[in-house]
Amino acid sequence: MRYAFLADIHGNLTAFKAVLRDIEENGGVDELWCLGDIVGYGPDPSACIAQLRDYPHRCVAGNHDWAAVGKVDISDFNLDAAEACRWTEKQLSADDINYLESLPLTLANGDFTIAHGSPREPIWEYILTTRIANENLRFFETRYCLIGHSHVPLLFEQVGETCLLKDLPAELRLGENRLIVNPGGVGQPRDGDPRAAYAVYDESDKVIYYYRVPYDIADTQERMEKNGLPTFLVNRLSRGW
């Protein structure tokens with residue numbers, strides 16, 4: 001079996017479609033695993049939900065998914081994120097809302113636990129340091145954990161009693177050590193590289209393959225501007241930040 005790991009699509013249909021095309025060109029997958037935040041920020045929230053649901057998939061809730069259906073308080077968001085959330089909420093159909101409301105906080109499948117922020121606090125916590133990664137090891141029982149939320153591709157590996165922070169390599173062969181893996185963001189990368197990010201896990205060879213995909217950023221930006229979404233959110237796509 002082959003699985004695609006996708007995080008933080010954020011209503012960016014152009015980026016999402018580019019990733020799906022790239023997945024097919026790289027041999028296809030049996031299932032998509034979405035690590036949360038299908039919506040928020042971008043101009044195509046409903047279309048991104050529909051696109052995801054066209055595929056066999058598993059998905060957990062992200063903070064923007066829950067915010068769009070009133071399950072978290074957007075007073076914790078910055079002003080631009082809150083404005084985009086209010087706009088997103090108005091674009092969703094009743095079926096979209098039911099789908100987002102049904103998403104679990106975490107999922108476990110085989111050797112993997114899936115969460116948006118962290119297994120300890122799936123909606124809000126960012127895992128960006130070895131200290132936070134190490135504290136989260138006791139909150140999942142599987143060997144590996146997949147996360148999103150930060151929009152930054154990262155790898156934390158447990159070695160002995162602590163975690164080491166590493167760059168996510170193009171090919172990551174899984175072994176005995178416990179790992180926390182973030183495949184980066186599809187719709188709003190924040191590592192200085194504006195290309196969409198995703199990963200594919202090939203169960204037969206126990207390797208995670210990490211990819212970056214160019215997409216038509218100007219197309220997404222044009223539709224964001226037409227819909228009156230905040231200028232900062234439009235401009236940041238060009239910078240990958």
# chains A, B, ... in the order shown; residues from 1 in each chain; ligands from 1
$ residues_around --residues "Ala47 in chain A" --least-positions-apart "6" --cutoff "12 Å" --atoms "only C-alpha atoms" --output "count of residues only"
17
$ residues_around --residues "Glu141 in chain A" --least-positions-apart "6" --cutoff "10 Å" --atoms "only C-alpha atoms" --output "mmCIF file with N, CA and C atoms, in the first residue's frame"
data_model
loop_
_atom_site.group_PDB
_atom_site.id
_atom_site.type_symbol
_atom_site.label_atom_id
_atom_site.label_comp_id
_atom_site.auth_asym_id
_atom_site.auth_seq_id
_atom_site.Cartn_x
_atom_site.Cartn_y
_atom_site.Cartn_z
ATOM 1 N N ALA A 108 -5.324 6.548 14.583
ATOM 2 C CA ALA A 108 -4.203 5.610 14.593
ATOM 3 C C ALA A 108 -4.448 4.567 13.517
ATOM 4 N N ASP A 111 1.328 1.537 12.130
ATOM 5 C CA ASP A 111 2.441 2.101 12.893
ATOM 6 C C ASP A 111 2.318 3.603 13.110
ATOM 7 N N PHE A 112 1.239 4.225 12.606
ATOM 8 C CA PHE A 112 1.151 5.686 12.596
ATOM 9 C C PHE A 112 0.003 6.208 13.453
ATOM 10 N N THR A 113 0.285 7.294 14.157
ATOM 11 C CA THR A 113 -0.738 8.148 14.745
ATOM 12 C C THR A 113 -0.773 9.443 13.952
ATOM 13 N N PRO A 119 -0.063 15.133 19.224
ATOM 14 C CA PRO A 119 -0.924 14.122 19.849
ATOM 15 C C PRO A 119 -1.400 14.559 21.231
ATOM 16 N N ARG A 178 11.501 5.867 17.224
ATOM 17 C CA ARG A 178 10.225 6.575 17.106
ATOM 18 C C ARG A 178 10.456 7.925 16.427
#
$ closest_residue --among "A:Glu171, A:Glu176, A:Glu25, A:Asp193" --to "Val207 in chain A" --atoms "only C-alpha atoms"
A:Glu171
$ closest_residue --among "A:Asp22, A:Asp216, A:Glu31, A:Asp65" --to "Asp8 in chain A" --atoms "only C-alpha atoms"
A:Asp65
$ closest_residue --among "A:Lys90, A:Lys166, A:Val159, A:Cys85" --to "Gly42 in chain A" --atoms "only C-alpha atoms"
A:Cys85
$ atom_distance --atom1 "CA of Phe5 in chain A" --atom2 "CA of Leu146 in chain A"
8.2 Å
$ residues_around --residues "Gly27 in chain A" --least-positions-apart "2" --cutoff "12 Å" --atoms "only C-alpha atoms" --output "PDB file with N, CA and C atoms, in the first residue's frame"
ATOM      1  N   MET A   1       0.834  -1.203   0.000  1.00  0.00           N
ATOM      2  CA  MET A   1       0.000   0.000   0.000  1.00  0.00           C
ATOM      3  C   MET A   1       0.877   1.264   0.000  1.00  0.00           C
ATOM      4  N   ARG A   2       0.347   2.293  -0.650  1.00  0.00           N
ATOM      5  CA  ARG A   2       1.030   3.589  -0.683  1.00  0.00           C
ATOM      6  C   ARG A   2       0.060   4.663  -0.186  1.00  0.00           C
ATOM      7  N   TYR A   3       0.601   5.562   0.619  1.00  0.00           N
ATOM      8  CA  TYR A   3      -0.227   6.596   1.232  1.00  0.00           C
ATOM      9  C   TYR A   3       0.417   7.964   1.011  1.00  0.00           C
ATOM     10  N   ALA A   4      -0.406   8.965   0.690  1.00  0.00           N
ATOM     11  CA  ALA A   4       0.075  10.336   0.591  1.00  0.00           C
ATOM     12  C   ALA A   4      -0.230  11.060   1.885  1.00  0.00           C
ATOM     13  N   LEU A  20      -1.916  16.622  -6.290  1.00  0.00           N
ATOM     14  CA  LEU A  20      -2.583  15.391  -6.735  1.00  0.00           C
ATOM     15  C   LEU A  20      -2.035  14.919  -8.082  1.00  0.00           C
ATOM     16  N   ARG A  21      -1.769  15.866  -8.983  1.00  0.00           N
ATOM     17  CA  ARG A  21      -1.153  15.495 -10.276  1.00  0.00           C
ATOM     18  C   ARG A  21       0.226  14.896 -10.049  1.00  0.00           C
ATOM     19  N   ASP A  22       1.005  15.510  -9.161  1.00  0.00           N
ATOM     20  CA  ASP A  22       2.356  15.023  -8.896  1.00  0.00           C
ATOM     21  C   ASP A  22       2.329  13.639  -8.272  1.00  0.00           C
ATOM     22  N   ILE A  23       1.361  13.402  -7.407  1.00  0.00           N
ATOM     23  CA  ILE A  23       1.217  12.073  -6.809  1.00  0.00           C
ATOM     24  C   ILE A  23       0.997  11.027  -7.894  1.00  0.00           C
ATOM     25  N   GLU A  24       0.119  11.316  -8.843  1.00  0.00           N
ATOM     26  CA  GLU A  24      -0.135  10.371  -9.932  1.00  0.00           C
ATOM     27  C   GLU A  24       1.119  10.147 -10.773  1.00  0.00           C
ATOM     28  N   GLU A  25       1.857  11.222 -11.038  1.00  0.00           N
ATOM     29  CA  GLU A  25       3.079  11.101 -11.832  1.00  0.00           C
ATOM     30  C   GLU A  25       4.156  10.316 -11.100  1.00  0.00           C
ATOM     31  N   VAL A  29      -1.208   6.636  -5.262  1.00  0.00           N
ATOM     32  CA  VAL A  29      -1.324   6.102  -3.901  1.00  0.00           C
ATOM     33  C   VAL A  29      -2.672   5.410  -3.752  1.00  0.00           C
ATOM     34  N   ASP A  30      -2.783   4.618  -2.710  1.00  0.00           N
ATOM     35  CA  ASP A  30      -4.043   3.937  -2.412  1.00  0.00           C
ATOM     36  C   ASP A  30      -4.969   4.786  -1.547  1.00  0.00           C
ATOM     37  N   VAL A 200       4.925  10.844   0.514  1.00  0.00           N
ATOM     38  CA  VAL A 200       4.299   9.558   0.186  1.00  0.00           C
ATOM     39  C   VAL A 200       5.011   8.468   0.967  1.00  0.00           C
ATOM     40  N   TYR A 201       4.227   7.613   1.606  1.00  0.00           N
ATOM     41  CA  TYR A 201       4.787   6.474   2.313  1.00  0.00           C
ATOM     42  C   TYR A 201       4.511   5.211   1.531  1.00  0.00           C
ATOM     43  N   ASP A 202       5.582   4.494   1.187  1.00  0.00           N
ATOM     44  CA  ASP A 202       5.485   3.209   0.515  1.00  0.00           C
ATOM     45  C   ASP A 202       5.671   2.121   1.564  1.00  0.00           C
ATOM     46  N   TYR A 209       8.788   9.284   1.129  1.00  0.00           N
ATOM     47  CA  TYR A 209       9.379  10.126   0.093  1.00  0.00           C
ATOM     48  C   TYR A 209       8.783  11.528   0.199  1.00  0.00           C
TER      49      TYR A 209
END
$ select_by_dssp --residues "range 15-160 of chain A" --states "strand (DSSP E)" --output "VMD selection string"
chain A and resid 31 to 34 57 to 59 106 to 109 112 to 115 144 to 146 154 to 159
$ residues_around --residues "Lys71 in chain A" --least-positions-apart "6" --cutoff "10 Å" --atoms "only C-alpha atoms" --output "PyMOL selection string"
chain A and resi 63-65+100-101
$ residues_around --residues "Ala218 in chain A" --least-positions-apart "6" --cutoff "10 Å" --atoms "only C-alpha atoms" --output "list of chain:residue names"
A:Thr14, A:Met224, A:Val234, A:Asn235, A:Leu237, A:Ser238
$ write_last_selection --atoms "N, CA and C atoms" --output "compact mmCIF listing (two decimals), in the first residue's frame"
# COMPACT_ATOMS: atom_id res chain seq x y z
N THR A 14 -5.65 25.26 -6.22
CA THR A 14 -4.62 25.18 -7.26
C THR A 14 -3.42 24.38 -6.77
N MET A 224 -7.98 35.05 -4.42
CA MET A 224 -8.05 35.59 -3.06
C MET A 224 -8.38 37.09 -3.09
N VAL A 234 -2.52 37.02 0.92
CA VAL A 234 -2.26 36.92 -0.52
C VAL A 234 -0.76 36.95 -0.78
N ASN A 235 -0.08 37.92 -0.20
CA ASN A 235 1.33 38.15 -0.50
C ASN A 235 2.24 37.06 0.06
N LEU A 237 2.00 33.96 0.09
CA LEU A 237 2.16 32.76 -0.74
C LEU A 237 3.37 32.86 -1.64
N SER A 238 3.70 34.06 -2.11
CA SER A 238 4.86 34.23 -2.99
C SER A 238 6.17 34.02 -2.23
